[in-house]
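Reproduced below: query.cif, with mmCIF, C-alpha atoms.
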data_target
#
loop_
_atom_site.label_atom_id
_atom_site.label_comp_id
_atom_site.auth_asym_id
_atom_site.auth_seq_id
_atom_site.Cartn_x
_atom_site.Cartn_y
_atom_site.Cartn_z
CA MET F 27 -165.70 -195.65 36.00
CA ARG F 28 -164.34 -199.22 35.78
CA LEU F 29 -163.69 -199.45 39.51
CA ILE F 30 -165.60 -202.69 40.04
CA THR F 31 -165.86 -206.00 38.23
CA THR F 32 -168.82 -206.37 35.88
CA PRO F 33 -169.98 -208.94 33.29
CA GLU F 34 -167.99 -206.93 30.73
CA HIS F 35 -164.84 -208.52 32.13
CA HIS F 36 -166.23 -211.99 31.35
CA ALA F 37 -167.88 -211.31 28.00
CA ASP F 38 -165.77 -213.88 26.11
CA PHE F 39 -166.78 -216.63 28.52
CA LEU F 40 -170.45 -215.65 28.33
CA ARG F 41 -170.35 -215.70 24.53
CA GLU F 42 -168.85 -219.20 24.59
CA ALA F 43 -171.27 -220.46 27.24
CA PHE F 44 -174.36 -219.23 25.42
CA GLY F 45 -173.06 -220.87 22.29
CA ILE F 46 -173.63 -224.12 24.18
CA ALA F 47 -177.00 -222.97 25.51
CA THR F 48 -178.28 -222.05 22.05
CA ALA F 49 -176.78 -224.94 20.08
CA ILE F 50 -180.04 -226.93 20.12
CA ASN F 51 -182.68 -224.28 20.76
CA THR F 52 -182.34 -220.90 19.02
CA ARG F 53 -185.22 -219.48 21.10
CA PRO F 54 -184.07 -220.44 24.59
CA ARG F 55 -185.80 -219.48 27.82
CA ILE F 56 -183.14 -217.91 30.04
CA LEU F 57 -183.32 -216.94 33.70
CA VAL F 58 -181.04 -214.23 35.05
CA SER F 59 -180.65 -215.05 38.74
CA GLY F 60 -179.92 -211.81 40.57
CA ALA F 61 -179.06 -208.49 38.93
CA ALA F 62 -177.38 -205.39 40.33
CA ASP F 63 -178.44 -203.51 37.18
CA TYR F 64 -179.13 -204.36 33.52
CA SER F 65 -175.58 -205.50 32.64
CA ILE F 66 -176.20 -209.25 32.86
CA PHE F 67 -179.36 -208.98 30.76
CA ALA F 68 -177.44 -206.92 28.19
CA HIS F 69 -174.62 -209.45 27.99
CA VAL F 70 -176.96 -212.44 27.80
CA LEU F 71 -178.85 -210.81 24.94
CA TRP F 72 -175.60 -209.90 23.17
CA ALA F 73 -174.10 -213.38 23.65
CA CYS F 74 -177.22 -215.11 22.30
CA ARG F 75 -177.36 -212.81 19.31
CA GLN F 76 -173.75 -213.70 18.54
CA HIS F 77 -175.06 -217.22 17.87
CA GLY F 78 -178.16 -216.16 15.94
CA ALA F 79 -180.51 -216.90 18.86
CA SER F 80 -183.52 -214.94 20.09
CA PRO F 81 -183.80 -215.55 23.83
CA ALA F 82 -186.83 -215.11 26.07
CA ILE F 83 -185.23 -213.60 29.17
CA THR F 84 -186.60 -213.51 32.71
CA VAL F 85 -184.84 -211.54 35.46
CA VAL F 86 -185.45 -212.37 39.12
CA ASP F 87 -184.20 -210.21 41.97
CA ALA F 88 -185.25 -209.46 45.54
CA CYS F 89 -185.02 -205.72 44.87
CA GLU F 90 -187.23 -203.64 42.58
CA THR F 91 -184.49 -201.20 41.53
CA PRO F 92 -182.50 -203.56 39.25
CA LEU F 93 -185.77 -204.90 37.86
CA TYR F 94 -186.78 -201.35 36.91
CA LEU F 95 -183.39 -200.85 35.26
CA ASN F 96 -183.81 -204.06 33.27
CA ARG F 97 -187.21 -202.93 32.01
CA TRP F 98 -185.75 -199.52 31.13
CA TYR F 99 -182.93 -201.15 29.16
CA ALA F 100 -185.29 -203.60 27.43
CA GLU F 101 -187.42 -200.70 26.23
CA ARG F 102 -184.33 -198.91 25.00
CA VAL F 103 -183.14 -201.90 22.91
CA ARG F 104 -186.70 -202.94 21.98
CA TRP F 105 -186.47 -206.40 23.52
CA GLU F 106 -189.05 -207.96 25.80
CA VAL F 107 -188.02 -208.99 29.30
CA GLN F 108 -189.99 -210.55 32.14
CA THR F 109 -189.10 -209.35 35.63
CA HIS F 110 -190.10 -210.87 38.97
CA ARG F 111 -189.39 -209.51 42.42
CA ALA F 112 -188.70 -212.61 44.49
CA ASP F 113 -186.17 -214.41 46.63
CA ILE F 114 -184.48 -216.81 44.21
CA LEU F 115 -184.42 -219.46 46.94
CA ASP F 116 -188.23 -219.56 46.80
CA TYR F 117 -188.89 -218.47 43.21
CA GLU F 118 -191.20 -220.72 41.20
CA SER F 119 -192.02 -220.69 37.51
CA PRO F 120 -194.72 -222.60 35.61
CA ASP F 121 -192.17 -223.19 32.84
CA THR F 122 -188.61 -224.44 33.08
CA PHE F 123 -185.56 -222.76 31.55
CA ASP F 124 -182.93 -223.76 29.02
CA ALA F 125 -180.29 -221.81 30.93
CA ILE F 126 -179.78 -219.93 34.19
CA CYS F 127 -177.12 -217.24 34.41
CA ALA F 128 -175.62 -215.46 37.43
CA HIS F 129 -172.67 -213.12 37.93
CA SER F 130 -171.02 -212.44 41.30
CA PHE F 131 -174.06 -213.88 43.05
CA PHE F 132 -172.94 -216.62 45.45
CA GLY F 133 -171.53 -214.14 47.98
CA ARG F 134 -175.11 -213.21 48.86
CA PHE F 135 -175.63 -216.59 50.53
CA VAL F 136 -174.18 -218.45 53.48
CA GLY F 137 -173.20 -222.10 53.04
CA PRO F 138 -176.55 -223.85 53.67
CA GLU F 139 -178.38 -221.30 51.51
CA ARG F 140 -176.08 -222.09 48.60
CA GLY F 141 -177.32 -225.65 48.73
CA ARG F 142 -180.91 -224.39 48.53
CA LEU F 143 -179.93 -222.12 45.64
CA MET F 144 -178.48 -225.01 43.64
CA SER F 145 -181.50 -227.20 44.38
CA ASN F 146 -183.86 -224.50 43.12
CA TRP F 147 -181.74 -223.89 40.02
CA HIS F 148 -181.91 -227.64 39.37
CA ARG F 149 -185.69 -227.59 39.71
CA LEU F 150 -186.03 -224.55 37.42
CA LEU F 151 -183.86 -226.01 34.64
CA LYS F 152 -185.14 -228.25 31.87
CA PRO F 153 -183.52 -231.67 31.60
CA GLY F 154 -180.30 -230.97 29.73
CA GLY F 155 -180.45 -227.27 30.65
CA ILE F 156 -177.30 -225.51 31.79
CA ALA F 157 -176.29 -223.19 34.60
CA ILE F 158 -173.77 -220.48 33.68
CA ALA F 159 -172.07 -218.65 36.52
CA VAL F 160 -169.11 -216.38 37.21
CA ASN F 161 -167.99 -215.80 40.78
CA ARG F 162 -164.98 -214.42 42.56
CA MET F 163 -162.75 -216.71 44.62
CA ARG F 164 -160.89 -215.51 47.70
CA GLU F 165 -158.43 -218.16 48.82
CA GLY F 166 -157.47 -217.70 52.44
CA ALA F 167 -160.28 -215.26 53.23
CA PRO F 168 -161.73 -215.64 56.74
CA GLY F 169 -165.19 -216.99 57.30
CA GLY F 170 -168.14 -214.70 57.85
CA ARG F 171 -169.07 -211.61 55.88
CA LEU F 172 -166.34 -209.67 54.16
CA GLY F 173 -166.44 -205.94 53.45
CA PHE F 174 -164.30 -202.91 52.67
CA SER F 175 -161.64 -202.04 55.22
CA PRO F 176 -161.71 -198.39 56.39
CA GLU F 177 -158.59 -197.73 54.31
CA HIS F 178 -160.08 -199.27 51.17
CA ALA F 179 -163.40 -197.46 51.70
CA ARG F 180 -161.61 -194.10 51.85
CA ALA F 181 -159.60 -194.93 48.72
CA PHE F 182 -162.73 -196.09 46.91
CA ARG F 183 -164.56 -192.84 47.73
CA ALA F 184 -161.57 -190.75 46.65
CA ASN F 185 -161.31 -192.57 43.35
CA VAL F 186 -165.02 -192.13 42.65
CA VAL F 187 -164.80 -188.39 43.33
CA SER F 188 -161.69 -188.02 41.17
CA LYS F 189 -163.21 -189.88 38.23
CA ALA F 190 -166.54 -188.08 38.63
CA LYS F 191 -164.77 -184.72 38.39
CA ALA F 192 -163.08 -185.86 35.19
CA MET F 193 -166.49 -186.92 33.83
CA ARG F 194 -168.35 -183.85 35.11
CA ALA F 195 -169.71 -182.89 31.70
CA GLU F 196 -171.32 -186.33 31.34
CA LEU F 197 -172.89 -186.56 34.80
CA ASP F 198 -175.99 -184.92 36.26
CA ILE F 199 -174.80 -185.39 39.84
CA ASP F 200 -172.26 -183.44 41.87
CA PRO F 201 -168.99 -185.40 42.28
CA LEU F 202 -168.98 -184.88 46.04
CA GLU F 203 -172.53 -186.23 46.31
CA LEU F 204 -171.48 -189.24 44.27
CA GLY F 205 -168.55 -189.61 46.66
CA ARG F 206 -170.94 -189.69 49.62
CA ARG F 207 -172.96 -192.41 47.89
CA ALA F 208 -169.78 -194.38 47.18
CA GLU F 209 -168.91 -194.09 50.87
CA ALA F 210 -172.34 -195.48 51.81
CA TYR F 211 -171.91 -198.33 49.31
CA ALA F 212 -168.52 -199.25 50.76
CA ALA F 213 -169.90 -199.13 54.32
CA ARG F 214 -172.86 -201.40 53.55
CA HIS F 215 -171.56 -203.86 50.99
CA ARG F 216 -170.74 -207.27 52.46
CA VAL F 217 -170.30 -210.71 50.91
CA HIS F 218 -169.85 -214.27 52.11
CA PRO F 219 -166.63 -215.23 50.28
CA VAL F 220 -166.23 -218.25 48.04
CA HIS F 221 -162.74 -219.61 48.56
CA SER F 222 -161.90 -222.08 45.79
CA ARG F 223 -162.94 -223.93 42.65
CA GLU F 224 -163.37 -227.06 44.75
CA GLU F 225 -165.90 -225.26 46.94
CA ILE F 226 -167.82 -224.28 43.82
CA ARG F 227 -167.64 -227.80 42.43
CA GLN F 228 -169.07 -229.25 45.62
CA MET F 229 -171.85 -226.65 45.61
CA PHE F 230 -173.00 -227.46 42.07
CA GLU F 231 -172.63 -231.21 42.34
CA GLY F 232 -174.39 -231.18 45.71
CA GLY F 233 -177.37 -229.61 43.94
CA GLY F 234 -177.43 -232.34 41.29
CA LEU F 235 -175.75 -230.33 38.50
CA GLU F 236 -172.90 -231.90 36.54
CA ILE F 237 -169.88 -229.67 35.94
CA GLU F 238 -168.95 -229.43 32.27
CA ARG F 239 -166.45 -226.61 32.63
CA LEU F 240 -164.82 -225.00 35.63
CA SER F 241 -162.08 -222.58 34.64
CA GLU F 242 -160.36 -219.62 36.24
CA LEU F 243 -159.92 -216.08 34.97
CA ALA F 244 -157.85 -213.34 36.58
CA VAL F 245 -159.02 -209.73 36.21
CA SER F 246 -156.33 -207.06 35.95
CA LYS F 247 -155.72 -204.76 38.89
CA ALA F 248 -157.45 -201.45 39.34
CA VAL F 249 -155.53 -198.32 38.36
CA ASP F 250 -155.16 -197.40 42.02
CA SER F 251 -153.80 -200.41 43.90
CA ALA F 252 -155.02 -198.87 47.17
CA VAL F 253 -158.60 -199.51 46.09
CA GLY F 254 -159.79 -202.88 47.33
CA GLY F 255 -163.01 -204.44 48.49
CA PRO F 256 -165.59 -207.13 47.68
CA THR F 257 -166.38 -205.89 44.15
CA THR F 258 -163.19 -204.08 43.10
CA LEU F 259 -160.73 -205.38 40.52
CA GLU F 260 -157.40 -205.62 42.41
CA GLY F 261 -156.21 -208.68 40.45
CA ALA F 262 -159.29 -210.70 41.39
CA ARG F 263 -159.59 -214.39 40.45
CA TYR F 264 -162.93 -215.58 39.08
CA ALA F 265 -164.35 -219.06 38.55
CA CYS F 266 -166.27 -219.51 35.29
CA VAL F 267 -168.74 -222.39 35.49
CA ILE F 268 -170.91 -224.32 33.05
CA ALA F 269 -172.95 -227.09 34.66
CA ARG F 270 -175.75 -229.22 33.25
CA LYS F 271 -178.88 -230.83 34.60
CA ALA F 272 -178.73 -234.47 33.56
#

Re-express the file's structure as structure tokens.
Amino acid sequence: MRLITTPEHHADFLREAFGIATAINTRPRILVSGAADYSIFAHVLWACRQHGASPAITVVDACETPLYLNRWYAERVRWEVQTHRADILDYESPDTFDAICAHSFFGRFVGPERGRLMSNWHRLLKPGGIAIAVNRMREGAPGGRLGFSPEHARAFRANVVSKAKAMRAELDIDPLELGRRAEAYAARHRVHPVHSREEIRQMFEGGGLEIERLSELAVSKAVDSAVGGPTTLEGARYACVIARKA
């Protein structure tokens, strides 16, 4: 329905970043750190293939649902994937990775936890390995967890119902039921905002990773400007990061 930001909006950056990751090793080991669904896995695989690489991909998430979806997608495209249900702050692997990738992930963690996240990424990367990340920035946002306002939640639900009705022939769920689920999503979804590129720089460098690229990308507004919230488009600004383990 294109109501929220997904890796699709950052496909060009991912293609460029994995060109760096696959320049030396055409069979890289890649860790996907956190996954709402199979979209990051799909884009990592696509980006690597653009450079003639055949990646060995591992997906780690604290929830079994996205891991199931990644296995479903892997079977569909006939590509092997390893999945592990674990807290990424504590995740261990007997082998290190050539690259770690995350999309819209840092909002899951409060400040001190972000330091632990970077330290574990550093430990999981091979020397010379790179971290590739895309994350929204909210300059001026208050501290604490940020969610949908009541007004934005109502608009989000209404937009989902409207689009679901237009797609009724393609869906096996009643639009009003989907609207109720959208309402629950808006009520529960909260993030700890990242405010600036400098905050991201400090986070990576504090974990021992050297920034090679830190750029900014604006995503166009949603069709309905009344729809806003932690994951919606609404002219969002995203930091695109490539950082290396020395």

_As a check of understanding, name the residues that the PyMOL selection byres ((chain F and resi 153) around 7) selects in the supplied structure, as JSON, numbers by chain._
{"F": [151, 152, 154, 155, 271, 272]}

*Selected by the PyMOL selection byres ((chain F and resi 58-70) around 10) in the shown coordinates: which residues, as a ChimeraX atom specification?*
/F:32-34,36-37,40-41,43-44,56-57,71-76,81,83-89,91-100,103,107,109,111-114,117,125-132,134,143,147,158-159

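Every residue that the PyMOL selection byres ((chain F and resi 187) around 12) selects in this file is listed here: Met27, Leu29, Arg180, Ala181, Phe182, Arg183, Ala184, Asn185, Val186, Ser188, Lys189, Ala190, Lys191, Ala192, Met193, Arg194, Leu197, Ile199, Asp200, Pro201, Leu202, Glu203, Leu204, Gly205, Arg206, Arg207, Ala208 and Glu209 of chain F.
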
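Going from atom CA of F:Asp124 over to atom CA of F:Leu235, you cover 13.6 Å.
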
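Nearest residue to F:Asp38, choosing from F:Glu139, F:Glu224, F:Val160, F:Glu236 and counting only C-alpha atoms: F:Val160.
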
Radius query 12 Å about (-165.1, -226.0, 46.9), atoms used: only C-alpha atoms, as an mmCIF file with C-alpha atoms, in the coordinates of the input:
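Listed below is the output, selection_39.cif:
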data_model
loop_
_atom_site.group_PDB
_atom_site.id
_atom_site.type_symbol
_atom_site.label_atom_id
_atom_site.label_comp_id
_atom_site.auth_asym_id
_atom_site.auth_seq_id
_atom_site.Cartn_x
_atom_site.Cartn_y
_atom_site.Cartn_z
ATOM 1 C CA GLY F 137 -173.200 -222.100 53.040
ATOM 2 C CA ARG F 140 -176.080 -222.090 48.600
ATOM 3 C CA MET F 163 -162.750 -216.710 44.620
ATOM 4 C CA ARG F 164 -160.890 -215.510 47.700
ATOM 5 C CA GLU F 165 -158.430 -218.160 48.820
ATOM 6 C CA PRO F 219 -166.630 -215.230 50.280
ATOM 7 C CA VAL F 220 -166.230 -218.250 48.040
ATOM 8 C CA HIS F 221 -162.740 -219.610 48.560
ATOM 9 C CA SER F 222 -161.900 -222.080 45.790
ATOM 10 C CA ARG F 223 -162.940 -223.930 42.650
ATOM 11 C CA GLU F 224 -163.370 -227.060 44.750
ATOM 12 C CA GLU F 225 -165.900 -225.260 46.940
ATOM 13 C CA ILE F 226 -167.820 -224.280 43.820
ATOM 14 C CA ARG F 227 -167.640 -227.800 42.430
ATOM 15 C CA GLN F 228 -169.070 -229.250 45.620
ATOM 16 C CA MET F 229 -171.850 -226.650 45.610
ATOM 17 C CA PHE F 230 -173.000 -227.460 42.070
ATOM 18 C CA GLU F 231 -172.630 -231.210 42.340
ATOM 19 C CA GLY F 232 -174.390 -231.180 45.710
ATOM 20 C CA LEU F 240 -164.820 -225.000 35.630
ATOM 21 C CA ALA F 265 -164.350 -219.060 38.550
#

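In this structure, atom CA of F:Glu42 sits 22.8 Å away from atom CA of F:Ile30.
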
*How many Å separate atom CA of F:Tyr264 from atom CA of F:Leu243?*
5.1 Å

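Near F:Arg149, within 10 Å and counting only C-alpha atoms, sit F:Glu118, F:Ser119, F:Thr122, F:Phe123, F:Leu143, F:Met144, F:Gly233, F:Gly234, F:Lys271, not including residues fewer than 5 positions from it in the same chain.
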
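Here the question is which of F:Gly45, F:Leu150, F:Arg239, F:Glu177 gets nearest to F:Pro120 using only C-alpha atoms, and that residue is F:Leu150.
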
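Candidate residues F:Pro54, F:Gly78, F:Gly169, F:Pro176 were compared for distance to F:Gly133, and the nearest is F:Gly169, using all atoms listed in the file.
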
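Nearest to F:Gly173 of all the residues F:Ala213, F:Ile50, F:Ile237, F:Leu115 is F:Ala213, based on all atoms listed in the file.
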
Where atoms are lacking, stretch 166-181 of chain F completed to N, CA, C and O atoms, as a PDB file, in the frame of the given file:
ATOM      1  N   GLY F 166    -158.038-218.188  51.190  1.00  0.00           N
ATOM      2  CA  GLY F 166    -157.470-217.700  52.440  1.00  0.00           C
ATOM      3  C   GLY F 166    -158.294-216.654  53.159  1.00  0.00           C
ATOM      4  O   GLY F 166    -157.917-216.205  54.248  1.00  0.00           O
ATOM      5  N   ALA F 167    -159.431-216.254  52.564  1.00  0.00           N
ATOM      6  CA  ALA F 167    -160.280-215.260  53.230  1.00  0.00           C
ATOM      7  C   ALA F 167    -160.911-215.879  54.476  1.00  0.00           C
ATOM      8  O   ALA F 167    -161.241-217.068  54.491  1.00  0.00           O
ATOM      9  N   PRO F 168    -161.097-215.098  55.530  1.00  0.00           N
ATOM     10  CA  PRO F 168    -161.730-215.640  56.740  1.00  0.00           C
ATOM     11  C   PRO F 168    -163.194-215.948  56.489  1.00  0.00           C
ATOM     12  O   PRO F 168    -163.796-215.490  55.512  1.00  0.00           O
ATOM     13  N   GLY F 169    -163.763-216.731  57.386  1.00  0.00           N
ATOM     14  CA  GLY F 169    -165.190-216.990  57.300  1.00  0.00           C
ATOM     15  C   GLY F 169    -165.988-215.765  57.690  1.00  0.00           C
ATOM     16  O   GLY F 169    -165.447-214.748  58.120  1.00  0.00           O
ATOM     17  N   GLY F 170    -167.297-215.845  57.531  1.00  0.00           N
ATOM     18  CA  GLY F 170    -168.140-214.700  57.850  1.00  0.00           C
ATOM     19  C   GLY F 170    -168.201-213.721  56.700  1.00  0.00           C
ATOM     20  O   GLY F 170    -167.663-213.947  55.617  1.00  0.00           O
ATOM     21  N   ARG F 171    -168.862-212.597  56.941  1.00  0.00           N
ATOM     22  CA  ARG F 171    -169.070-211.610  55.880  1.00  0.00           C
ATOM     23  C   ARG F 171    -167.831-210.735  55.726  1.00  0.00           C
ATOM     24  O   ARG F 171    -167.183-210.352  56.699  1.00  0.00           O
ATOM     25  N   LEU F 172    -167.531-210.429  54.489  1.00  0.00           N
ATOM     26  CA  LEU F 172    -166.340-209.670  54.160  1.00  0.00           C
ATOM     27  C   LEU F 172    -166.756-208.337  53.541  1.00  0.00           C
ATOM     28  O   LEU F 172    -167.628-208.291  52.673  1.00  0.00           O
ATOM     29  N   GLY F 173    -166.112-207.255  53.978  1.00  0.00           N
ATOM     30  CA  GLY F 173    -166.440-205.940  53.450  1.00  0.00           C
ATOM     31  C   GLY F 173    -165.202-205.114  53.162  1.00  0.00           C
ATOM     32  O   GLY F 173    -164.075-205.619  53.175  1.00  0.00           O
ATOM     33  N   PHE F 174    -165.406-203.835  52.885  1.00  0.00           N
ATOM     34  CA  PHE F 174    -164.300-202.910  52.670  1.00  0.00           C
ATOM     35  C   PHE F 174    -163.653-202.590  54.015  1.00  0.00           C
ATOM     36  O   PHE F 174    -164.349-202.322  54.998  1.00  0.00           O
ATOM     37  N   SER F 175    -162.327-202.562  54.046  1.00  0.00           N
ATOM     38  CA  SER F 175    -161.640-202.040  55.220  1.00  0.00           C
ATOM     39  C   SER F 175    -161.800-200.525  55.221  1.00  0.00           C
ATOM     40  O   SER F 175    -162.087-199.912  54.186  1.00  0.00           O
ATOM     41  N   PRO F 176    -161.621-199.851  56.374  1.00  0.00           N
ATOM     42  CA  PRO F 176    -161.710-198.390  56.390  1.00  0.00           C
ATOM     43  C   PRO F 176    -160.767-197.730  55.387  1.00  0.00           C
ATOM     44  O   PRO F 176    -161.130-196.762  54.711  1.00  0.00           O
ATOM     45  N   GLU F 177    -159.556-198.281  55.258  1.00  0.00           N
ATOM     46  CA  GLU F 177    -158.590-197.730  54.310  1.00  0.00           C
ATOM     47  C   GLU F 177    -159.089-197.869  52.868  1.00  0.00           C
ATOM     48  O   GLU F 177    -159.030-196.925  52.072  1.00  0.00           O
ATOM     49  N   HIS F 178    -159.591-199.043  52.527  1.00  0.00           N
ATOM     50  CA  HIS F 178    -160.080-199.270  51.170  1.00  0.00           C
ATOM     51  C   HIS F 178    -161.341-198.448  50.887  1.00  0.00           C
ATOM     52  O   HIS F 178    -161.547-197.979  49.764  1.00  0.00           O
ATOM     53  N   ALA F 179    -162.185-198.266  51.891  1.00  0.00           N
ATOM     54  CA  ALA F 179    -163.400-197.460  51.700  1.00  0.00           C
ATOM     55  C   ALA F 179    -163.031-196.013  51.394  1.00  0.00           C
ATOM     56  O   ALA F 179    -163.637-195.380  50.514  1.00  0.00           O
ATOM     57  N   ARG F 180    -162.038-195.477  52.113  1.00  0.00           N
ATOM     58  CA  ARG F 180    -161.610-194.100  51.850  1.00  0.00           C
ATOM     59  C   ARG F 180    -161.015-193.975  50.450  1.00  0.00           C
ATOM     60  O   ARG F 180    -161.285-193.006  49.728  1.00  0.00           O
ATOM     61  N   ALA F 181    -160.209-194.966  50.050  1.00  0.00           N
ATOM     62  CA  ALA F 181    -159.600-194.930  48.720  1.00  0.00           C
ATOM     63  C   ALA F 181    -160.649-195.063  47.628  1.00  0.00           C
ATOM     64  O   ALA F 181    -160.562-194.416  46.578  1.00  0.00           O
TER      65      ALA F 181
END
